[in-house]
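Below is final_5.csv, holding CSV, C-alpha atoms and all ligand atoms.
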chain,number,residue,atom,x,y,z
T,1,MET,CA,36.9,-13.9,-35.9
T,2,SER,CA,35.1,-17.0,-37.0
T,3,ALA,CA,37.4,-19.6,-38.6
T,4,ARG,CA,37.4,-23.1,-40.0
T,5,ARG,CA,40.6,-24.9,-40.8
T,6,ASP,CA,42.5,-28.1,-41.4
T,7,THR,CA,46.2,-28.6,-42.1
T,8,TRP,CA,45.9,-27.7,-45.8
T,9,TYR,CA,43.1,-25.1,-45.8
T,10,ALA,CA,41.6,-22.4,-43.6
T,11,GLY,CA,39.0,-19.7,-43.8
T,12,GLY,CA,38.1,-16.8,-41.6
T,13,THR,CA,35.9,-13.7,-41.6
T,14,GLU,CA,35.9,-10.6,-39.4
T,15,THR,CA,33.4,-7.8,-39.3
T,16,GLY,CA,36.2,-5.2,-39.2
T,17,LEU,CA,36.3,-1.9,-37.2
T,18,VAL,CA,33.7,0.2,-39.0
T,19,ARG,CA,30.8,-2.0,-40.1
T,20,ALA,CA,28.0,-2.9,-37.7
T,21,GLY,CA,27.5,-6.4,-39.2
T,22,ASN,CA,29.2,-8.9,-41.3
T,23,GLU,CA,27.7,-9.3,-44.8
T,24,ASP,CA,30.4,-11.6,-46.1
T,25,ALA,CA,30.2,-15.4,-46.2
T,26,TYR,CA,32.6,-18.1,-47.1
T,27,LEU,CA,32.8,-21.8,-47.8
T,28,VAL,CA,35.5,-24.4,-47.0
T,29,ALA,CA,34.1,-27.7,-48.2
T,30,PRO,CA,37.1,-29.4,-49.8
T,31,PRO,CA,37.5,-29.6,-52.8
T,32,LEU,CA,35.2,-26.6,-53.0
T,33,TYR,CA,36.0,-23.2,-51.6
T,34,ALA,CA,34.4,-19.8,-52.0
T,35,VAL,CA,33.9,-16.3,-50.6
T,36,ALA,CA,30.9,-14.0,-51.1
T,37,ASP,CA,30.6,-10.3,-50.2
T,38,GLY,CA,26.9,-9.4,-49.7
T,39,LEU,CA,25.5,-6.0,-50.9
T,40,GLY,CA,22.4,-4.2,-49.9
T,41,GLY,CA,22.9,-3.4,-46.3
T,42,HIS,CA,21.9,-4.9,-43.0
T,43,LEU,CA,19.4,-7.8,-43.3
T,44,ALA,CA,20.0,-8.0,-47.1
T,45,GLY,CA,23.7,-8.4,-47.8
T,46,GLU,CA,24.2,-11.2,-45.4
T,47,VAL,CA,21.1,-13.0,-46.7
T,48,ALA,CA,22.3,-12.7,-50.3
T,49,SER,CA,25.9,-13.9,-49.5
T,50,THR,CA,24.6,-16.8,-47.4
T,51,ILE,CA,22.1,-17.9,-50.1
T,52,ALA,CA,24.8,-17.8,-52.7
T,53,ILE,CA,27.2,-19.9,-50.6
T,54,ASP,CA,24.5,-22.4,-49.7
T,55,THR,CA,23.2,-22.7,-53.2
T,56,LEU,CA,26.7,-23.1,-54.6
T,57,LEU,CA,27.3,-26.0,-52.2
T,58,ASP,CA,24.1,-27.7,-53.3
T,59,ALA,CA,24.6,-27.0,-57.0
T,60,ALA,CA,28.4,-27.6,-57.3
T,61,PRO,CA,29.6,-30.2,-59.7
T,62,ARG,CA,31.4,-33.3,-58.5
T,63,ALA,CA,34.5,-32.6,-60.5
T,64,ALA,CA,36.6,-29.5,-60.9
T,65,ASP,CA,35.0,-28.4,-64.1
T,66,CYS,CA,34.9,-24.6,-64.6
T,67,LYS,CA,31.9,-24.6,-66.9
T,68,ALA,CA,29.8,-26.7,-64.4
T,69,LEU,CA,31.1,-24.4,-61.6
T,70,GLY,CA,29.9,-21.4,-63.7
T,71,ARG,CA,26.5,-23.0,-64.1
T,72,ALA,CA,26.4,-23.5,-60.3
T,73,ALA,CA,27.1,-19.7,-59.9
T,74,ARG,CA,24.1,-19.1,-62.2
T,75,VAL,CA,21.9,-21.3,-60.0
T,76,ALA,CA,23.1,-19.2,-57.1
T,77,ASN,CA,22.2,-16.1,-59.0
T,78,ALA,CA,18.7,-17.3,-59.6
T,79,ALA,CA,18.4,-18.3,-55.9
T,80,VAL,CA,19.3,-14.8,-54.8
T,81,ILE,CA,16.9,-13.2,-57.2
T,82,GLU,CA,14.1,-15.6,-56.2
T,83,ALA,CA,14.7,-14.9,-52.5
T,84,ALA,CA,14.4,-11.2,-53.0
T,85,GLU,CA,11.2,-11.6,-54.9
T,86,SER,CA,9.7,-13.9,-52.3
T,87,GLY,CA,10.5,-11.5,-49.5
T,88,ARG,CA,13.7,-13.2,-48.1
T,89,GLY,CA,16.1,-10.4,-47.7
T,90,ARG,CA,15.3,-7.3,-49.7
T,91,SER,CA,14.9,-6.3,-53.3
T,92,GLY,CA,18.2,-4.9,-54.6
T,93,MET,CA,20.3,-7.2,-52.5
T,94,GLY,CA,23.2,-8.9,-54.2
T,95,THR,CA,26.5,-10.6,-53.6
T,96,THR,CA,29.8,-11.2,-55.2
T,97,LEU,CA,30.9,-14.8,-55.5
T,98,THR,CA,34.4,-16.2,-56.1
T,99,ALA,CA,34.5,-20.0,-56.1
T,100,ALA,CA,37.3,-22.4,-56.6
T,101,MET,CA,37.2,-26.2,-57.0
T,102,ILE,CA,40.5,-28.0,-56.7
T,103,ASP,CA,41.5,-31.3,-58.3
T,104,GLY,CA,45.1,-32.0,-57.5
T,105,THR,CA,47.0,-29.1,-59.0
T,106,ARG,CA,44.1,-28.0,-61.3
T,107,ILE,CA,41.9,-25.2,-60.1
T,108,ALA,CA,38.5,-24.5,-61.6
T,109,LEU,CA,37.2,-21.0,-60.9
T,110,ALA,CA,33.9,-19.2,-61.2
T,111,HIS,CA,33.8,-15.5,-60.4
T,112,VAL,CA,31.4,-12.6,-60.3
T,113,GLY,CA,32.1,-9.2,-58.6
T,114,ASP,CA,35.1,-7.7,-56.9
T,115,SER,CA,36.1,-10.4,-54.5
T,116,ARG,CA,39.4,-12.0,-55.8
T,117,ALA,CA,41.3,-15.2,-56.2
T,118,TYR,CA,45.1,-15.1,-56.1
T,119,LEU,CA,47.7,-17.9,-56.5
T,120,LEU,CA,51.0,-17.7,-54.8
T,121,HIS,CA,52.8,-19.7,-57.6
T,122,PHE,CA,56.5,-20.5,-57.0
T,123,GLY,CA,56.5,-17.6,-54.6
T,124,GLN,CA,55.0,-15.1,-57.0
T,125,LEU,CA,51.5,-13.7,-56.4
T,126,GLU,CA,49.3,-13.9,-59.4
T,127,ARG,CA,45.9,-12.4,-59.5
T,128,LEU,CA,43.6,-15.0,-61.1
T,129,THR,CA,40.4,-12.9,-61.3
T,130,GLN,CA,39.4,-9.6,-62.8
T,131,ASP,CA,37.3,-7.3,-60.7
T,132,HIS,CA,33.8,-6.6,-62.1
T,133,SER,CA,33.9,-3.0,-60.8
T,134,MET,CA,33.8,0.5,-62.2
T,135,VAL,CA,37.3,1.3,-61.0
T,136,ALA,CA,38.7,-1.9,-62.4
T,137,ASP,CA,37.3,-1.0,-65.8
T,138,MET,CA,38.9,2.5,-65.5
T,139,VAL,CA,42.3,0.8,-64.6
T,140,ARG,CA,42.0,-1.5,-67.6
T,141,GLN,CA,41.2,1.5,-69.8
T,142,GLY,CA,44.3,3.3,-68.4
T,143,THR,CA,42.3,6.2,-66.9
T,144,LEU,CA,43.1,5.3,-63.3
T,145,THR,CA,46.1,3.7,-61.6
T,146,GLU,CA,45.8,0.7,-59.2
T,147,ALA,CA,46.7,3.0,-56.3
T,148,GLU,CA,44.1,5.6,-57.3
T,149,SER,CA,41.4,2.9,-57.6
T,150,ARG,CA,42.0,2.0,-54.0
T,151,VAL,CA,40.8,5.4,-52.8
T,152,HIS,CA,38.4,6.3,-55.6
T,153,PRO,CA,34.9,7.4,-54.2
T,154,ASN,CA,33.2,4.9,-56.6
T,155,ARG,CA,35.6,2.0,-55.7
T,156,SER,CA,32.7,-0.1,-54.3
T,157,VAL,CA,30.5,0.2,-57.4
T,158,ILE,CA,30.5,-3.3,-58.9
T,159,THR,CA,29.4,-3.9,-62.5
T,160,ARG,CA,28.4,-7.6,-62.1
T,161,ALA,CA,26.9,-9.4,-59.1
T,162,LEU,CA,24.6,-12.2,-58.2
T,163,GLY,CA,21.0,-11.0,-57.5
T,164,SER,CA,20.1,-8.6,-60.2
T,165,ASP,CA,20.4,-9.9,-63.8
T,166,PRO,CA,18.8,-13.3,-64.5
T,167,ASN,CA,21.1,-13.7,-67.5
T,168,MET,CA,24.2,-13.0,-65.5
T,169,VAL,CA,27.2,-15.1,-66.6
T,170,ALA,CA,30.1,-15.8,-64.3
T,171,ASP,CA,33.7,-15.7,-65.5
T,172,ALA,CA,34.7,-19.4,-65.5
T,173,PHE,CA,38.2,-20.7,-66.2
T,174,GLU,CA,40.8,-23.2,-65.1
T,175,VAL,CA,44.3,-22.6,-63.8
T,176,ASP,CA,47.2,-25.1,-63.5
T,177,ALA,CA,49.0,-24.7,-60.1
T,178,ALA,CA,52.0,-26.5,-58.8
T,179,PRO,CA,52.4,-28.5,-55.6
T,180,GLY,CA,53.4,-26.0,-52.9
T,181,ASP,CA,51.4,-23.2,-54.4
T,182,ARG,CA,48.9,-21.4,-52.2
T,183,LEU,CA,45.5,-20.3,-53.3
T,184,LEU,CA,43.9,-17.2,-51.7
T,185,LEU,CA,40.2,-16.1,-52.0
T,186,ALA,CA,39.4,-12.8,-50.4
T,187,THR,CA,36.7,-10.1,-50.3
T,188,ASP,CA,37.6,-6.5,-50.8
T,189,GLY,CA,37.8,-5.9,-47.1
T,190,LEU,CA,41.3,-7.5,-47.5
T,191,THR,CA,42.3,-6.4,-51.0
T,192,GLY,CA,41.0,-2.8,-50.5
T,193,MET,CA,43.1,-2.4,-47.4
T,194,VAL,CA,46.3,-4.4,-48.1
T,195,GLU,CA,48.3,-4.1,-51.3
T,196,ASP,CA,49.2,-7.1,-53.3
T,197,ALA,CA,52.9,-6.9,-52.5
T,198,ARG,CA,52.1,-7.1,-48.8
T,199,ILE,CA,49.6,-9.9,-49.3
T,200,ALA,CA,52.3,-11.8,-51.2
T,201,GLU,CA,54.7,-11.4,-48.2
T,202,LEU,CA,52.2,-12.5,-45.6
T,203,LEU,CA,50.8,-15.3,-47.6
T,204,GLY,CA,54.3,-16.6,-48.4
T,205,ALA,CA,55.7,-16.2,-44.8
T,206,ALA,CA,52.8,-18.0,-43.0
T,207,PRO,CA,53.7,-21.5,-42.0
T,208,SER,CA,50.2,-22.8,-42.5
T,209,PRO,CA,46.9,-21.7,-44.2
T,210,ALA,CA,45.5,-20.9,-40.7
T,211,ASP,CA,48.4,-18.6,-39.9
T,212,ALA,CA,48.0,-17.0,-43.3
T,213,VAL,CA,44.3,-16.3,-42.7
T,214,ALA,CA,45.0,-14.8,-39.3
T,215,SER,CA,47.9,-12.6,-40.4
T,216,LEU,CA,46.0,-11.3,-43.5
T,217,ILE,CA,43.0,-10.4,-41.5
T,218,GLU,CA,45.1,-8.8,-38.8
T,219,GLU,CA,46.9,-6.7,-41.5
T,220,ALA,CA,43.6,-5.5,-42.9
T,221,MET,CA,42.4,-4.6,-39.4
T,222,GLU,CA,45.6,-2.7,-38.6
T,223,ALA,CA,45.1,-0.8,-41.9
T,224,GLY,CA,41.7,0.4,-40.7
T,225,GLY,CA,39.3,-2.6,-41.1
T,226,SER,CA,36.9,-0.4,-42.9
T,227,ASP,CA,35.0,-3.3,-44.4
T,228,ASN,CA,34.2,-6.9,-43.6
T,229,ILE,CA,37.3,-9.0,-44.2
T,230,THR,CA,37.0,-12.6,-45.4
T,231,VAL,CA,39.9,-14.8,-46.4
T,232,VAL,CA,40.2,-18.4,-47.5
T,233,VAL,CA,43.7,-20.0,-48.0
T,234,VAL,CA,44.3,-23.4,-49.5
T,235,ASP,CA,47.6,-25.2,-50.0
T,236,ILE,CA,47.9,-27.0,-53.3
T,237,ALA,CA,49.5,-30.3,-52.7
T,238,SER,CA,50.1,-33.5,-54.6
T,239,ALA,CA,47.4,-34.7,-57.0
T,240,SER,CA,45.5,-36.9,-54.6
T,241,GLN,CA,45.6,-34.9,-51.3
T,242,PRO,CA,42.4,-32.8,-51.2
T,243,ALA,CA,40.1,-35.6,-52.3
T,244,SER,CA,41.6,-38.2,-50.0
T,245,GLN,CA,41.7,-36.1,-46.8
T,246,PRO,CA,38.9,-36.2,-44.3
T,247,ARG,CA,36.2,-33.7,-45.3
T,248,ASP,CA,34.7,-30.8,-43.5
T,249,SER,CA,31.2,-30.9,-42.2
T,250,ALA,CA,29.9,-29.5,-45.4
T,251,ALA,CA,30.9,-32.6,-47.3
T,252,PRO,CA,30.2,-32.8,-51.0
T,253,ARG,CA,27.1,-34.7,-52.0
T,254,TRP,CA,28.7,-37.8,-53.5
T,255,TRP,CA,30.1,-38.6,-50.1
T,256,LEU,CA,26.7,-38.2,-48.4
T,257,ARG,CA,25.1,-40.3,-51.2
T,258,LEU,CA,27.6,-43.1,-50.6
T,259,LEU,CA,26.8,-42.9,-46.9
T,260,TRP,CA,23.0,-43.1,-47.7
T,261,LEU,CA,23.6,-46.0,-50.0
T,262,LEU,CA,25.6,-47.9,-47.4
T,263,ALA,CA,22.9,-47.2,-44.8
T,264,ALA,CA,20.2,-48.4,-47.2
T,265,LEU,CA,22.2,-51.5,-47.9
T,266,ALA,CA,22.8,-52.1,-44.2
T,267,ILE,CA,19.0,-51.8,-43.6
T,268,ILE,CA,18.1,-54.1,-46.4
T,269,GLY,CA,20.9,-56.5,-45.4
T,270,GLY,CA,19.9,-56.3,-41.8
T,271,ALA,CA,16.2,-57.0,-42.6
T,272,ALA,CA,17.2,-60.0,-44.8
T,273,TYR,CA,19.4,-61.3,-42.1
T,274,ALA,CA,16.7,-60.9,-39.5
T,275,ALA,CA,14.2,-62.8,-41.8
T,276,TYR,CA,16.8,-65.5,-42.3
T,277,ALA,CA,17.6,-65.8,-38.6
T,278,TYR,CA,13.9,-65.9,-37.7
T,279,ALA,CA,13.2,-68.6,-40.4
T,280,ARG,CA,16.2,-70.6,-39.0
T,281,SER,CA,14.6,-70.6,-35.6
T,282,GLN,CA,11.2,-72.0,-36.9
T,283,ALA,CA,10.1,-75.4,-38.2
T,284,TYR,CA,7.1,-77.1,-39.7
T,285,LEU,CA,5.7,-80.4,-40.8
T,286,ILE,CA,4.0,-80.9,-44.1
T,287,SER,CA,2.6,-83.6,-46.2
T,288,GLU,CA,4.7,-84.6,-49.3
T,289,ASN,CA,4.1,-87.6,-51.4
T,290,GLY,CA,1.8,-89.0,-48.8
T,291,VAL,CA,4.2,-88.9,-45.9
T,292,VAL,CA,5.0,-86.4,-43.2
T,293,VAL,CA,8.2,-84.3,-43.9
T,294,VAL,CA,10.0,-82.1,-41.3
T,295,TYR,CA,11.3,-78.7,-42.4
T,296,GLU,CA,13.4,-76.1,-40.8
T,297,GLY,CA,12.1,-72.6,-41.6
T,298,VAL,CA,8.7,-71.2,-42.6
T,299,PRO,CA,6.4,-72.5,-45.3
T,300,GLY,CA,5.9,-70.5,-48.5
T,301,SER,CA,8.4,-67.8,-49.6
T,302,VAL,CA,9.2,-64.2,-48.7
T,303,GLY,CA,9.8,-61.8,-51.7
T,304,GLY,CA,10.2,-64.8,-54.0
T,305,VAL,CA,12.9,-66.4,-51.7
T,306,SER,CA,12.1,-69.7,-50.0
T,307,LEU,CA,13.1,-69.7,-46.3
T,308,SER,CA,12.8,-73.4,-45.6
T,309,TRP,CA,15.2,-76.3,-45.5
T,310,ARG,CA,14.1,-79.9,-45.6
T,311,SER,CA,15.3,-81.6,-42.4
T,312,ARG,CA,13.9,-85.2,-42.6
T,313,VAL,CA,11.5,-87.3,-44.6
T,314,THR,CA,9.6,-89.5,-42.2
T,315,THR,CA,7.8,-92.8,-42.9
T,316,VAL,CA,4.6,-91.6,-41.3
T,317,PRO,CA,1.7,-92.0,-43.8
T,318,VAL,CA,-0.5,-88.9,-43.7
T,319,ASP,CA,-3.7,-90.9,-44.5
T,320,ALA,CA,-3.1,-92.9,-41.3
T,321,LEU,CA,-3.7,-89.8,-39.2
T,322,ASP,CA,-7.0,-88.3,-38.3
T,323,PRO,CA,-8.7,-86.2,-41.0
T,324,ILE,CA,-8.1,-82.8,-39.2
T,325,THR,CA,-4.4,-83.4,-38.8
T,326,SER,CA,-3.9,-84.7,-42.3
T,327,ALA,CA,-5.8,-81.6,-43.7
T,328,ARG,CA,-3.6,-79.3,-41.6
T,329,LEU,CA,-0.5,-81.1,-42.9
T,330,GLY,CA,-1.6,-80.2,-46.4
T,331,SER,CA,-0.6,-76.6,-45.8
T,332,GLY,CA,2.0,-77.2,-43.0
T,333,VAL,CA,1.8,-77.3,-39.3
T,334,ARG,CA,4.1,-74.7,-37.8
T,335,VAL,CA,6.0,-75.0,-34.6
T,336,ASP,CA,8.6,-72.9,-32.9
T,337,SER,CA,11.7,-75.1,-33.2
T,338,LEU,CA,13.1,-78.1,-35.0
T,339,ALA,CA,13.1,-80.0,-31.7
T,340,GLU,CA,9.3,-79.4,-31.4
T,341,ALA,CA,8.8,-80.5,-35.0
T,342,GLU,CA,10.7,-83.7,-34.3
T,343,ALA,CA,8.6,-84.3,-31.1
T,344,LEU,CA,5.4,-83.8,-33.1
T,345,ALA,CA,6.7,-86.2,-35.8
T,346,ARG,CA,7.3,-88.9,-33.2
T,347,ALA,CA,3.7,-88.3,-31.8
T,348,TYR,CA,2.3,-88.6,-35.4
T,349,ALA,CA,4.3,-91.8,-35.9
T,350,GLU,CA,2.8,-93.3,-32.7
T,351,ARG,CA,-0.7,-92.3,-33.7
T,352,ALA,CA,-0.3,-93.7,-37.1
T,353,ALA,CA,1.1,-97.0,-35.7
T,354,ALA,CA,-1.8,-97.1,-33.2
T,355,SER,CA,-4.4,-96.6,-36.0
T,356,ALA,CA,-2.7,-99.3,-38.2
T,357,ALA,CA,-2.6,-101.8,-35.3
T,358,PRO,CA,-5.2,-104.6,-35.4
T,359,GLY,CA,-8.2,-103.9,-33.2
T,360,SER,CA,-7.9,-100.2,-33.2
T,361,PRO,CA,-11.1,-98.2,-33.7
C,1,MG,MG,33.2,-5.8,-49.0
Using structure tokens, write down the structure from this file.
Amino acid sequence: MSARRDTWYAGGTETGLVRAGNEDAYLVAPPLYAVADGLGGHLAGEVASTIAIDTLLDAAPRAADCKALGRAARVANAAVIEAAESGRGRSGMGTTLTAAMIDGTRIALAHVGDSRAYLLHFGQLERLTQDHSMVADMVRQGTLTEAESRVHPNRSVITRALGSDPNMVADAFEVDAAPGDRLLLATDGLTGMVEDARIAELLGAAPSPADAVASLIEEAMEAGGSDNITVVVVDIASASQPASQPRDSAAPRWWLRLLWLLAALAIIGGAAYAAYAYARSQAYLISENGVVVVYEGVPGSVGGVSLSWRSRVTTVPVDALDPITSARLGSGVRVDSLAEAEALARAYAERAAASAAPGSP
């Protein structure tokens, strides 16, 4: 079984005992969680469910807003259709998608197909989603019982999925949970094998979400494991917990954006500091108001910012120096340190004094 977990959430998937491959996929990227059950057979179902999960993660809103989550499901739908048309996977592939985004005790959901979301609310198991399947329609119409639907030959015929209808609309709604509640997302590999009452027992008895995932998958395997089984369990805690905990590797984009911003600022800041430090190590002499002035830094400006600091105004007259030196002093004579600049200033002073002395050439 592949599994990802933390103290307040866990997800796991298992191929089961009958299927050759696993076409389910799931996502645990707090505060976003999802399961997807791919349809279309080997090399198609798993492509569809993986595309749906990946696209959901990219397109998910920043806040637990069910309408925005529903729009993300539509983006995932378009991505699955586009993939089939461009030869990724196969035409006719599709997937269910049941996604939840949690903000404190508020849960936004988007749902398509016959995977399910449940809430263990004050110990009572509530089914949050309605299956989009032929047998579920028959149960709602009263022509089939829940128990009969479980063994009906058309139990796997779903009436809404991602990957076929470009105008598909996901069920999107919000639910208020309570601290201590437990959210369950599962594909029909669990719910087709294990009755709700037993799911409630196992979900309620497990000390942690990871234990709940393991015991639910084990129960479905013992019941025959006739389909891929995928389970995500999340404990609903106080209002701030999910957002303030360390995140999974699939972190939401705002976090990555912040990281990029900090990295960019660090680079800009680092470059600015490097320029400043370089300038501080440099020095130059320049002619100002007819005398030689010593500066720390570099002449001119970088990006509109001056990187020079006046160190000392000498009494050396520029016109007392030779024409080449005085011309060079017009634009600045650069040296590698303030000490070198001071040494050069002293040399200029001596030359100026010599040229001013009587009898000099
Ligand atoms: Mg299935």
Hey, could you make a per-residue contact list for region 86-149 of chain T against region 168-185 of chain T with 8 Å as the cut-off, showing the nearest pair of atoms and its distance in Å to one decimal, counting only C-alpha atoms, sorted by chain and number, as a Markdown table?
| residue | atom | partner | partner_atom | distance |
| --- | --- | --- | --- | --- |
| T:Thr98 | CA | T:Leu185 | CA | 7.1 |
| T:Thr105 | CA | T:Ala177 | CA | 5.0 |
| T:Arg106 | CA | T:Asp176 | CA | 4.8 |
| T:Ile107 | CA | T:Val175 | CA | 5.1 |
| T:Ala108 | CA | T:Glu174 | CA | 4.4 |
| T:Leu109 | CA | T:Phe173 | CA | 5.4 |
| T:Ala110 | CA | T:Ala172 | CA | 4.4 |
| T:His111 | CA | T:Asp171 | CA | 5.1 |
| T:Val112 | CA | T:Ala170 | CA | 5.3 |
| T:Ser115 | CA | T:Leu185 | CA | 7.5 |
| T:Arg116 | CA | T:Leu185 | CA | 5.6 |
| T:Ala117 | CA | T:Leu185 | CA | 4.4 |
| T:Tyr118 | CA | T:Leu184 | CA | 5.0 |
| T:Leu119 | CA | T:Leu183 | CA | 4.6 |
| T:Leu120 | CA | T:Arg182 | CA | 5.0 |
| T:His121 | CA | T:Asp181 | CA | 4.9 |
| T:Phe122 | CA | T:Asp181 | CA | 6.3 |
| T:Gly123 | CA | T:Asp181 | CA | 7.6 |
Between T:Ser49, T:Gln124, T:Ser337, T:Gln130, smallest distance to ligand MG 1 (chain C) by all atoms listed in the file belongs to T:Ser49
Between T:Ala83, T:Asp319, T:Arg71, T:Trp8, which has the minimum distance to Ala356 (chain T) (counting all atoms listed in the file)? T:Asp319
Determine the nearest neighbour of Ala78 (chain T) from the options T:Ile199, T:Ala147, T:Leu162, T:Ile102, counting all atoms listed in the file.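 Closest to Ala78 (chain T) of all the choices is T:Leu162.
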Check the smallest atom-to-atom distance from each of T:Val318, T:Leu216, T:Ala347, T:Met93 to Asn289 (chain T) using all atoms listed in the file, then report the winner. T:Val318
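Among the candidates T:Gly45, T:Pro31, T:Gly94, T:Gly87, the one nearest to Ile236 (chain T) when counting only C-alpha atoms is T:Pro31.
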Shell of 8 Å around Leu56 (chain T), all atoms listed in the file, local chain residues under 4 positions omitted, as a PyMOL selection string: chain T and resi 52+60+72-73+75-76
Do you have, as a Markdown table, the list of residues of chain T lying at most 8 Å from ligand MG 1 (chain C), each with its nearest atom pair and that distance in Å to one decimal, counting all atoms listed in the file and ordered by chain then number?
| residue | atom | partner | partner_atom | distance |
| --- | --- | --- | --- | --- |
| T:Glu23 | CA | C:MG1 | MG | 7.8 |
| T:Asp24 | CA | C:MG1 | MG | 7.1 |
| T:Asp37 | CA | C:MG1 | MG | 5.3 |
| T:Gly38 | CA | C:MG1 | MG | 7.3 |
| T:Leu39 | CA | C:MG1 | MG | 7.9 |
| T:Ser115 | CA | C:MG1 | MG | 7.7 |
| T:Ser156 | CA | C:MG1 | MG | 7.8 |
| T:Thr187 | CA | C:MG1 | MG | 5.7 |
| T:Asp188 | CA | C:MG1 | MG | 4.8 |
| T:Gly189 | CA | C:MG1 | MG | 5.0 |
| T:Asp227 | CA | C:MG1 | MG | 5.5 |
| T:Asn228 | CA | C:MG1 | MG | 5.6 |
| T:Ile229 | CA | C:MG1 | MG | 7.1 |
Residue selection dump (C-alpha atoms) as a PDB file, keeping the file's coordinate frame:
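After the write, part-v4.pdb holds the following:
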ATOM      1  CA  GLU T  23      27.700  -9.300 -44.800  1.00  0.00           C
ATOM      2  CA  ASP T  24      30.400 -11.600 -46.100  1.00  0.00           C
ATOM      3  CA  ASP T  37      30.600 -10.300 -50.200  1.00  0.00           C
ATOM      4  CA  GLY T  38      26.900  -9.400 -49.700  1.00  0.00           C
ATOM      5  CA  LEU T  39      25.500  -6.000 -50.900  1.00  0.00           C
ATOM      6  CA  SER T 115      36.100 -10.400 -54.500  1.00  0.00           C
ATOM      7  CA  SER T 156      32.700  -0.100 -54.300  1.00  0.00           C
ATOM      8  CA  THR T 187      36.700 -10.100 -50.300  1.00  0.00           C
ATOM      9  CA  ASP T 188      37.600  -6.500 -50.800  1.00  0.00           C
ATOM     10  CA  GLY T 189      37.800  -5.900 -47.100  1.00  0.00           C
ATOM     11  CA  ASP T 227      35.000  -3.300 -44.400  1.00  0.00           C
ATOM     12  CA  ASN T 228      34.200  -6.900 -43.600  1.00  0.00           C
ATOM     13  CA  ILE T 229      37.300  -9.000 -44.200  1.00  0.00           C
TER      14      ILE T 229
END
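Note that CA of Gly92 (chain T) and CA of Leu32 (chain T) are 27.6 Å apart.
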I'd like the interatomic distance between CA of Met193 (chain T) and CA of Glu46 (chain T), to a tenth of an Å. 20.9 Å
Within 12 Å of Pro209 (chain T) using only C-alpha atoms, minus same-chain residues under 3 positions, as an MDAnalysis selection string: chainID T and resid 3:12 180:185 202:206 212:216 231:236
Got time to write the residues from that selection, C-alpha atoms, as a compact mmCIF listing (two decimals), in the coordinates of the input?
# COMPACT_ATOMS: atom_id res chain seq x y z
CA ALA T 3 37.40 -19.60 -38.60
CA ARG T 4 37.40 -23.10 -40.00
CA ARG T 5 40.60 -24.90 -40.80
CA ASP T 6 42.50 -28.10 -41.40
CA THR T 7 46.20 -28.60 -42.10
CA TRP T 8 45.90 -27.70 -45.80
CA TYR T 9 43.10 -25.10 -45.80
CA ALA T 10 41.60 -22.40 -43.60
CA GLY T 11 39.00 -19.70 -43.80
CA GLY T 12 38.10 -16.80 -41.60
CA GLY T 180 53.40 -26.00 -52.90
CA ASP T 181 51.40 -23.20 -54.40
CA ARG T 182 48.90 -21.40 -52.20
CA LEU T 183 45.50 -20.30 -53.30
CA LEU T 184 43.90 -17.20 -51.70
CA LEU T 185 40.20 -16.10 -52.00
CA LEU T 202 52.20 -12.50 -45.60
CA LEU T 203 50.80 -15.30 -47.60
CA GLY T 204 54.30 -16.60 -48.40
CA ALA T 205 55.70 -16.20 -44.80
CA ALA T 206 52.80 -18.00 -43.00
CA ALA T 212 48.00 -17.00 -43.30
CA VAL T 213 44.30 -16.30 -42.70
CA ALA T 214 45.00 -14.80 -39.30
CA SER T 215 47.90 -12.60 -40.40
CA LEU T 216 46.00 -11.30 -43.50
CA VAL T 231 39.90 -14.80 -46.40
CA VAL T 232 40.20 -18.40 -47.50
CA VAL T 233 43.70 -20.00 -48.00
CA VAL T 234 44.30 -23.40 -49.50
CA ASP T 235 47.60 -25.20 -50.00
CA ILE T 236 47.90 -27.00 -53.30
Between T:Ala36, T:Ile217, T:Ile81, T:Ala274, which one has atoms that come closest to Gly113 (chain T), using all atoms listed in the file? T:Ala36
note - CA of Ala283 (chain T) and CA of Arg328 (chain T) are separated by 14.6 Å
Give me the box for region 101-107 of chain T as AutoDock Vina command-line options, namely the centre and edge lengths in Å to one decimal of a box along x, y and z that holds every listed atom plus 3 Å on each side.
--center_x 42.1 --center_y -28.6 --center_z -59.0 --size_x 15.8 --size_y 12.8 --size_z 10.6
Pull the neighbourhood of (-2.2, -79.3, -39.0) for me: all residues within 12 Å in file coordinates, counting only C-alpha atoms, as a PyMOL selection string. chain T and resi 284-287+292+318+321-335+341+344-345+348
